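Trainee: I have a structure I would like to understand better, so I am pasting it below and will then ask my questions one at a time.
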Amino acid sequence: MDAIRQGNTPHLPTTASAMSQFSSRVRFVVKSTHDPLAEDGPNVIRNLCLSPKKISAVYVYDRLGTQLFEQQCRTSEYYLRRAEAVLLKAYACDIVRLCGVLPIVELGAGTAEKTRILLAEYAKWGTRCDYFPIDVDMETLAAAAHRLVEDYPKLFVHCLGGTYEECLAALPGEGRPRLFLFLGSSLGNMEWHEMQALLAQISRHTAPGDTLLVGADLHKDPAVIDRAYNDAAGFGARSTLNMLTHLNWRYGGDFAMDQFAYRSAYNVGARRNEVRIESLVQQAVTLRKLELRIELGESDLIDAEVMWKFEPAELTQLLENAGFSLIHDWIEPIYRYGIFLLRRQ
């Protein structure tokens with residue numbers, strides 16, 4: 001999902017000649033100045049007038065929300081990022097052997113920390129590598145790109161700063177197969193119809209012979225999932241509740257943070273974790289810039305986020321319906337997290 005991420009301070013070369021050397025291997029193909037939420041007001045109104053009410057998960061990811069999520073990812077309870085990194089480290093060689101050293105296109109690249117595992121494997125081959133990271137946060141893209149080219153001498157980074165839709169459409173024709181990455185179980189953070197729409201979009205911008213590597217969390221012991229989203233330090237809760245702060249500053253809202261609580265539960269039947277925000281009192285909230293006033297009763301719930309936990313066959317079918325066929329999957333056995341390698345038909 002497109003997110004406005006907290007950028008890290010780039011570790012840049014210290015001399016002018018070194019700066020020039022590294023910068024020559026970084027360029028922006030797309031550098032959108034358009035705020036992806038600038039015209040989202042009608043969606044906010046529509047969602048808050050539903051029953052039950054809803055806030056889109058994109059409002060988690062302002063800078064503070066992303067900082068809090070990054071802290072959640074470093075907790076002992078949050079297994080997803082660690083399990084994916086374990087798989088990539090164990091099987092990067094197999095992935096490259098099956099695909100070759102292809103140009104990499106990554107959706108939601110962020111700081112590209114996990115991508116480094118594949119880039120390190122590429123570096124062993126001693127050939128040029130082209131990397132096309134997609135993210136809406138230009139600051140993070142630029143910082144990550146300069147760190148990467150400093151560390152990998154044969155890497156060229158072609159930044160695409162914008163939404164998935166505009167960046168996929170702007171991808172240059174390579175004339176050779178490419179490896180598309182969609183990691184972090186980001187696919188599972190969407191409603192089912194949104195997954196299908198995004199995969200159809202990816203399919204339209206890929207060609208036969210392109211490959212796709214997807215990271216996805218799998219169905220498991222509900223207690224393990226519950227601990228991941230209810231970490232003892234409360235980072236997950238604070239990240240989600242920050243959605244209200246985001247709405248306040250963006251739309252002139254008056255959500256009172258102490259009158260809401262975070263609620264997360266795994267729906268075993270649906271195989272998805274469901275995150276909601278509970279109103280602790282009867283109250284009215286106004287979003288002045290949208291001329292919207294909503295009424296909330298005590299214990300009313302606002303839908304906030306979903307995290308699907310797939311069965312492998314179910315995920316494979318979803319991807320096959322979008323025009324991809326499974327080459328191989330690797331599943332981490334302790335936490336049941338998987339990476340799936342597919343080829344565009």
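Every chain in the structure tokens takes a letter, A first, then B, and so on in the order presented; its residues are numbered from 1, and the ligands are numbered from 1 following the presented order.
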Can you pull out every residue within 12 Å of segment 117-125 of chain A, counting only C-alpha atoms, but drop anything in the same chain fewer than 3 positions away, and send it as a PyMOL selection string?

Mentor: chain A and resi 84-97+99-104+106+112-114+128-131+148-149+151-157+179+181+213

Trainee: From the DSSP assignment of the backbone, select every residue of segment 89-329 of chain A that is helix (DSSP H, G or I), and format the answer as a PyMOL selection string.

Mentor: chain A and resi 89-99+115-123+138-151+164-170+186-189+192-204+222-229+235-251+257-259+288-290+312-321

Trainee: Could you state the separation of atom CA of His219 of chain A and atom CA of Trp308 of chain A in Å, given to one decimal place?

Mentor: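 So the two atoms, atom CA of His219 of chain A and atom CA of Trp308 of chain A, lie 8.3 Å apart.
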
Trainee: Please identify the strand (DSSP E or B) residues within segment 60-281 of chain A (assignment by DSSP from backbone atoms) and present them as a PDB file with N, CA and C atoms, in the first residue's frame.

Mentor:
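Wrote it out as states15.pdb, contents follow:
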ATOM      1  N   ILE A 104      15.351  -5.090 -11.079  1.00  0.00           N
ATOM      2  CA  ILE A 104      14.391  -5.251  -9.981  1.00  0.00           C
ATOM      3  C   ILE A 104      13.464  -4.049  -9.937  1.00  0.00           C
ATOM      4  N   VAL A 105      12.161  -4.302  -9.883  1.00  0.00           N
ATOM      5  CA  VAL A 105      11.148  -3.271  -9.663  1.00  0.00           C
ATOM      6  C   VAL A 105      10.480  -3.592  -8.327  1.00  0.00           C
ATOM      7  N   GLU A 106      10.526  -2.644  -7.385  1.00  0.00           N
ATOM      8  CA  GLU A 106       9.957  -2.928  -6.058  1.00  0.00           C
ATOM      9  C   GLU A 106       8.837  -1.967  -5.724  1.00  0.00           C
ATOM     10  N   LEU A 107       7.678  -2.522  -5.391  1.00  0.00           N
ATOM     11  CA  LEU A 107       6.534  -1.731  -4.948  1.00  0.00           C
ATOM     12  C   LEU A 107       6.644  -1.489  -3.448  1.00  0.00           C
ATOM     13  N   CYS A 129      23.490  -4.038 -12.202  1.00  0.00           N
ATOM     14  CA  CYS A 129      22.124  -4.278 -11.746  1.00  0.00           C
ATOM     15  C   CYS A 129      21.357  -2.961 -11.795  1.00  0.00           C
ATOM     16  N   ASP A 130      20.131  -2.998 -12.298  1.00  0.00           N
ATOM     17  CA  ASP A 130      19.251  -1.824 -12.327  1.00  0.00           C
ATOM     18  C   ASP A 130      18.088  -2.054 -11.371  1.00  0.00           C
ATOM     19  N   TYR A 131      17.872  -1.072 -10.500  1.00  0.00           N
ATOM     20  CA  TYR A 131      16.859  -1.181  -9.449  1.00  0.00           C
ATOM     21  C   TYR A 131      15.877  -0.023  -9.591  1.00  0.00           C
ATOM     22  N   PHE A 132      14.576  -0.345  -9.652  1.00  0.00           N
ATOM     23  CA  PHE A 132      13.511   0.640  -9.822  1.00  0.00           C
ATOM     24  C   PHE A 132      12.620   0.628  -8.574  1.00  0.00           C
ATOM     25  N   PRO A 133      12.972   1.377  -7.524  1.00  0.00           N
ATOM     26  CA  PRO A 133      12.136   1.404  -6.325  1.00  0.00           C
ATOM     27  C   PRO A 133      10.965   2.366  -6.478  1.00  0.00           C
ATOM     28  N   ILE A 134       9.782   1.919  -6.058  1.00  0.00           N
ATOM     29  CA  ILE A 134       8.571   2.739  -6.115  1.00  0.00           C
ATOM     30  C   ILE A 134       8.140   3.077  -4.694  1.00  0.00           C
ATOM     31  N   ASP A 135       7.954   4.369  -4.431  1.00  0.00           N
ATOM     32  CA  ASP A 135       7.451   4.802  -3.128  1.00  0.00           C
ATOM     33  C   ASP A 135       6.970   6.239  -3.269  1.00  0.00           C
ATOM     34  N   LEU A 155      25.562  -0.989  -9.125  1.00  0.00           N
ATOM     35  CA  LEU A 155      24.120  -0.778  -9.020  1.00  0.00           C
ATOM     36  C   LEU A 155      23.740   0.599  -9.558  1.00  0.00           C
ATOM     37  N   PHE A 156      22.658   0.631 -10.357  1.00  0.00           N
ATOM     38  CA  PHE A 156      22.074   1.870 -10.847  1.00  0.00           C
ATOM     39  C   PHE A 156      20.633   1.929 -10.348  1.00  0.00           C
ATOM     40  N   VAL A 157      20.271   3.034  -9.691  1.00  0.00           N
ATOM     41  CA  VAL A 157      18.951   3.156  -9.070  1.00  0.00           C
ATOM     42  C   VAL A 157      18.128   4.192  -9.831  1.00  0.00           C
ATOM     43  N   HIS A 158      16.947   3.779 -10.262  1.00  0.00           N
ATOM     44  CA  HIS A 158      16.038   4.616 -11.041  1.00  0.00           C
ATOM     45  C   HIS A 158      14.781   4.831 -10.191  1.00  0.00           C
ATOM     46  N   CYS A 159      14.742   5.915  -9.434  1.00  0.00           N
ATOM     47  CA  CYS A 159      13.684   6.134  -8.440  1.00  0.00           C
ATOM     48  C   CYS A 159      12.362   6.516  -9.113  1.00  0.00           C
ATOM     49  N   LEU A 160      11.292   5.928  -8.600  1.00  0.00           N
ATOM     50  CA  LEU A 160       9.945   6.270  -9.056  1.00  0.00           C
ATOM     51  C   LEU A 160       9.165   6.750  -7.837  1.00  0.00           C
ATOM     52  N   GLY A 161       9.060   8.061  -7.699  1.00  0.00           N
ATOM     53  CA  GLY A 161       8.409   8.644  -6.533  1.00  0.00           C
ATOM     54  C   GLY A 161       6.982   9.021  -6.833  1.00  0.00           C
ATOM     55  N   LEU A 179      12.321  -8.582 -12.468  1.00  0.00           N
ATOM     56  CA  LEU A 179      11.845  -9.178 -11.226  1.00  0.00           C
ATOM     57  C   LEU A 179      11.102  -8.099 -10.443  1.00  0.00           C
ATOM     58  N   PHE A 180       9.813  -8.309 -10.215  1.00  0.00           N
ATOM     59  CA  PHE A 180       8.991  -7.394  -9.426  1.00  0.00           C
ATOM     60  C   PHE A 180       8.930  -7.908  -7.990  1.00  0.00           C
ATOM     61  N   LEU A 181       9.123  -7.014  -7.027  1.00  0.00           N
ATOM     62  CA  LEU A 181       9.064  -7.363  -5.609  1.00  0.00           C
ATOM     63  C   LEU A 181       7.868  -6.694  -4.953  1.00  0.00           C
ATOM     64  N   PHE A 182       7.143  -7.479  -4.151  1.00  0.00           N
ATOM     65  CA  PHE A 182       6.073  -6.915  -3.315  1.00  0.00           C
ATOM     66  C   PHE A 182       6.161  -7.635  -1.975  1.00  0.00           C
ATOM     67  N   THR A 211       9.075 -11.913 -13.630  1.00  0.00           N
ATOM     68  CA  THR A 211       8.816 -12.679 -12.417  1.00  0.00           C
ATOM     69  C   THR A 211       8.359 -11.752 -11.297  1.00  0.00           C
ATOM     70  N   LEU A 212       7.666 -12.321 -10.334  1.00  0.00           N
ATOM     71  CA  LEU A 212       7.099 -11.587  -9.203  1.00  0.00           C
ATOM     72  C   LEU A 212       7.415 -12.342  -7.922  1.00  0.00           C
ATOM     73  N   LEU A 213       8.002 -11.651  -6.956  1.00  0.00           N
ATOM     74  CA  LEU A 213       8.293 -12.242  -5.651  1.00  0.00           C
ATOM     75  C   LEU A 213       7.419 -11.545  -4.619  1.00  0.00           C
ATOM     76  N   VAL A 214       6.540 -12.315  -3.983  1.00  0.00           N
ATOM     77  CA  VAL A 214       5.571 -11.782  -3.024  1.00  0.00           C
ATOM     78  C   VAL A 214       5.855 -12.362  -1.641  1.00  0.00           C
ATOM     79  N   GLY A 215       5.873 -11.500  -0.631  1.00  0.00           N
ATOM     80  CA  GLY A 215       5.949 -11.952   0.753  1.00  0.00           C
ATOM     81  C   GLY A 215       4.564 -11.931   1.362  1.00  0.00           C
ATOM     82  N   ALA A 216       4.188 -12.997   2.083  1.00  0.00           N
ATOM     83  CA  ALA A 216       2.828 -13.068   2.627  1.00  0.00           C
ATOM     84  C   ALA A 216       2.820 -13.834   3.945  1.00  0.00           C
ATOM     85  N   ASP A 217       2.047 -13.319   4.883  1.00  0.00           N
ATOM     86  CA  ASP A 217       1.868 -14.011   6.150  1.00  0.00           C
ATOM     87  C   ASP A 217       0.793 -15.075   5.997  1.00  0.00           C
ATOM     88  N   LEU A 218       0.946 -16.168   6.739  1.00  0.00           N
ATOM     89  CA  LEU A 218       0.069 -17.323   6.584  1.00  0.00           C
ATOM     90  C   LEU A 218      -0.721 -17.591   7.865  1.00  0.00           C
ATOM     91  N   GLY A 253      -9.844  18.356  12.120  1.00  0.00           N
ATOM     92  CA  GLY A 253     -10.697  17.538  12.972  1.00  0.00           C
ATOM     93  C   GLY A 253     -10.505  17.808  14.451  1.00  0.00           C
ATOM     94  N   PHE A 260     -10.692   7.436  22.719  1.00  0.00           N
ATOM     95  CA  PHE A 260     -10.697   6.300  21.801  1.00  0.00           C
ATOM     96  C   PHE A 260      -9.692   5.262  22.260  1.00  0.00           C
ATOM     97  N   ALA A 261      -9.926   4.011  21.877  1.00  0.00           N
ATOM     98  CA  ALA A 261      -9.031   2.910  22.244  1.00  0.00           C
ATOM     99  C   ALA A 261      -8.809   1.998  21.037  1.00  0.00           C
ATOM    100  N   TYR A 262      -7.655   1.357  21.031  1.00  0.00           N
ATOM    101  CA  TYR A 262      -7.247   0.417  19.979  1.00  0.00           C
ATOM    102  C   TYR A 262      -7.789  -0.958  20.292  1.00  0.00           C
ATOM    103  N   ARG A 263      -8.343  -1.617  19.289  1.00  0.00           N
ATOM    104  CA  ARG A 263      -8.841  -2.977  19.457  1.00  0.00           C
ATOM    105  C   ARG A 263      -8.352  -3.823  18.277  1.00  0.00           C
ATOM    106  N   SER A 264      -7.708  -4.945  18.570  1.00  0.00           N
ATOM    107  CA  SER A 264      -7.197  -5.838  17.531  1.00  0.00           C
ATOM    108  C   SER A 264      -7.564  -7.270  17.876  1.00  0.00           C
ATOM    109  N   ALA A 265      -8.103  -7.994  16.903  1.00  0.00           N
ATOM    110  CA  ALA A 265      -8.481  -9.391  17.143  1.00  0.00           C
ATOM    111  C   ALA A 265      -8.356 -10.178  15.849  1.00  0.00           C
ATOM    112  N   TYR A 266      -7.951 -11.439  15.984  1.00  0.00           N
ATOM    113  CA  TYR A 266      -7.836 -12.306  14.817  1.00  0.00           C
ATOM    114  C   TYR A 266      -9.156 -13.018  14.583  1.00  0.00           C
ATOM    115  N   ASN A 267      -9.702 -12.845  13.387  1.00  0.00           N
ATOM    116  CA  ASN A 267     -10.938 -13.506  12.977  1.00  0.00           C
ATOM    117  C   ASN A 267     -10.542 -14.839  12.339  1.00  0.00           C
ATOM    118  N   ARG A 272      -8.199 -13.417   9.000  1.00  0.00           N
ATOM    119  CA  ARG A 272      -7.617 -12.084   8.915  1.00  0.00           C
ATOM    120  C   ARG A 272      -7.658 -11.409  10.275  1.00  0.00           C
ATOM    121  N   ASN A 273      -6.622 -10.634  10.562  1.00  0.00           N
ATOM    122  CA  ASN A 273      -6.614  -9.824  11.772  1.00  0.00           C
ATOM    123  C   ASN A 273      -7.368  -8.533  11.485  1.00  0.00           C
ATOM    124  N   GLU A 274      -8.235  -8.153  12.404  1.00  0.00           N
ATOM    125  CA  GLU A 274      -9.069  -6.972  12.197  1.00  0.00           C
ATOM    126  C   GLU A 274      -8.780  -5.954  13.287  1.00  0.00           C
ATOM    127  N   VAL A 275      -8.405  -4.766  12.870  1.00  0.00           N
ATOM    128  CA  VAL A 275      -8.061  -3.687  13.795  1.00  0.00           C
ATOM    129  C   VAL A 275      -9.143  -2.617  13.722  1.00  0.00           C
ATOM    130  N   ARG A 276      -9.622  -2.225  14.888  1.00  0.00           N
ATOM    131  CA  ARG A 276     -10.672  -1.210  14.972  1.00  0.00           C
ATOM    132  C   ARG A 276     -10.305  -0.176  16.036  1.00  0.00           C
ATOM    133  N   ILE A 277     -10.965   0.968  15.947  1.00  0.00           N
ATOM    134  CA  ILE A 277     -10.830   2.032  16.936  1.00  0.00           C
ATOM    135  C   ILE A 277     -12.173   2.172  17.637  1.00  0.00           C
ATOM    136  N   GLU A 278     -12.158   2.034  18.969  1.00  0.00           N
ATOM    137  CA  GLU A 278     -13.401   2.069  19.747  1.00  0.00           C
ATOM    138  C   GLU A 278     -13.618   3.442  20.379  1.00  0.00           C
ATOM    139  N   SER A 279     -14.823   3.963  20.243  1.00  0.00           N
ATOM    140  CA  SER A 279     -15.209   5.180  20.944  1.00  0.00           C
ATOM    141  C   SER A 279     -15.553   4.817  22.393  1.00  0.00           C
TER     142      SER A 279
END

Trainee: Within 12 Å of segment 281-294 of chain A, counting only C-alpha atoms, which residues qualify if same-chain residues fewer than 6 places away don't, as an NGL selection string?

Mentor: :A and (39-51 or 53-54 or 244-261 or 300-302)

Trainee: Hey, can you check how far atom CA of Pro172 of chain A sits from atom CA of Val29 of chain A?

Mentor: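 Spanning atom CA of Pro172 of chain A to atom CA of Val29 of chain A is a straight-line distance of 8.8 Å.
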
Trainee: Which residue is closest to Gly234 of chain A? Choose from A:Leu168, A:Cys73, A:Val30, A:Leu280 and count only C-alpha atoms.

Mentor: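 Once distances to Gly234 of chain A are computed over only C-alpha atoms, the minimum belongs to A:Cys73.
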
Trainee: One number please: atom CA of Lys220 of chain A to atom CA of Ala83 of chain A, in Å, one decimal.

Mentor: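 Computing it gives 13.6 Å between the two atoms.
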
Trainee: Looking at A:Glu139, A:His205, A:Arg178, A:Asp329, which one is nearest to Tyr164 of chain A, with distances taken over only C-alpha atoms?

Mentor: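 Residue with the minimum atom-to-atom distance to Tyr164 of chain A: A:His205.
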
Trainee: With only C-alpha atoms as the counted atoms, please give the residues lying no more than 12 Å from Asp221 of chain A, apart from itself and same-chain residues fewer than 6 positions off, as a PyMOL selection string.

Mentor: chain A and resi 227-228+266-268+271+309+334-336

Trainee: Please write the residues from the selection above to a file, keeping N, CA and C atoms, as a PDB file, in the first residue's frame.

Mentor:
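Saved to out19.pdb:
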ATOM      1  N   ARG A 227      -0.324 -11.563  19.578  1.00  0.00           N
ATOM      2  CA  ARG A 227       0.822 -10.911  20.216  1.00  0.00           C
ATOM      3  C   ARG A 227       1.503  -9.930  19.270  1.00  0.00           C
ATOM      4  N   ALA A 228       1.547 -10.258  17.980  1.00  0.00           N
ATOM      5  CA  ALA A 228       2.227  -9.387  17.021  1.00  0.00           C
ATOM      6  C   ALA A 228       1.559  -8.021  16.932  1.00  0.00           C
ATOM      7  N   TYR A 266      -7.951 -11.439  15.984  1.00  0.00           N
ATOM      8  CA  TYR A 266      -7.836 -12.306  14.817  1.00  0.00           C
ATOM      9  C   TYR A 266      -9.156 -13.018  14.583  1.00  0.00           C
ATOM     10  N   ASN A 267      -9.702 -12.845  13.387  1.00  0.00           N
ATOM     11  CA  ASN A 267     -10.938 -13.506  12.977  1.00  0.00           C
ATOM     12  C   ASN A 267     -10.542 -14.839  12.339  1.00  0.00           C
ATOM     13  N   VAL A 268     -10.642 -15.913  13.086  1.00  0.00           N
ATOM     14  CA  VAL A 268     -10.164 -17.218  12.625  1.00  0.00           C
ATOM     15  C   VAL A 268     -10.935 -17.675  11.391  1.00  0.00           C
ATOM     16  N   ARG A 271      -9.819 -15.695   8.520  1.00  0.00           N
ATOM     17  CA  ARG A 271      -8.359 -15.745   8.426  1.00  0.00           C
ATOM     18  C   ARG A 271      -7.771 -14.358   8.172  1.00  0.00           C
ATOM     19  N   LYS A 309      -4.273 -13.473   6.572  1.00  0.00           N
ATOM     20  CA  LYS A 309      -3.333 -14.564   6.816  1.00  0.00           C
ATOM     21  C   LYS A 309      -3.738 -15.709   5.887  1.00  0.00           C
ATOM     22  N   ILE A 334       8.507 -21.907  11.606  1.00  0.00           N
ATOM     23  CA  ILE A 334       8.146 -21.565  12.982  1.00  0.00           C
ATOM     24  C   ILE A 334       6.976 -20.593  13.014  1.00  0.00           C
ATOM     25  N   TYR A 335       7.081 -19.512  12.244  1.00  0.00           N
ATOM     26  CA  TYR A 335       6.036 -18.492  12.243  1.00  0.00           C
ATOM     27  C   TYR A 335       5.108 -18.575  11.038  1.00  0.00           C
ATOM     28  N   ARG A 336       5.354 -19.539  10.128  1.00  0.00           N
ATOM     29  CA  ARG A 336       4.522 -19.726   8.943  1.00  0.00           C
ATOM     30  C   ARG A 336       4.368 -18.423   8.160  1.00  0.00           C
TER      31      ARG A 336
END

Trainee: List as a list in words the protein and nucleic acid residues near Gly65 of chain A, meaning an atom at most 6 Å away when only C-alpha atoms are counted, but skip any in the same chain fewer than 4 places from it.

Mentor: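 So the residues in contact are Val60, Tyr61, Ser239 and Asn242 of chain A.
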
Trainee: Select, from A:Thr206, A:Gln71, A:Thr240, A:Thr140, the residue with the minimum atom-to-atom distance to Ala322 of chain A, counting only C-alpha atoms.

Mentor: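 Looking only at the distances to Ala322 of chain A, the closest residue turns out to be A:Thr206.
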
Trainee: In terms of the shortest atom-to-atom distance over only C-alpha atoms, which of A:Leu315, A:Ala169, A:Ala233, A:Val136 is closest to Gly188 of chain A?

Mentor: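 Ranking A:Leu315, A:Ala169, A:Ala233, A:Val136 by distance to Gly188 of chain A, first place goes to A:Leu315.
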
Trainee: Which one of A:Asp303, A:Arg63, A:Ile225, A:Pro312 sits closest to Ile339 of chain A if you count only C-alpha atoms?

Mentor: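 Result for the nearest residue to Ile339 of chain A: A:Pro312.
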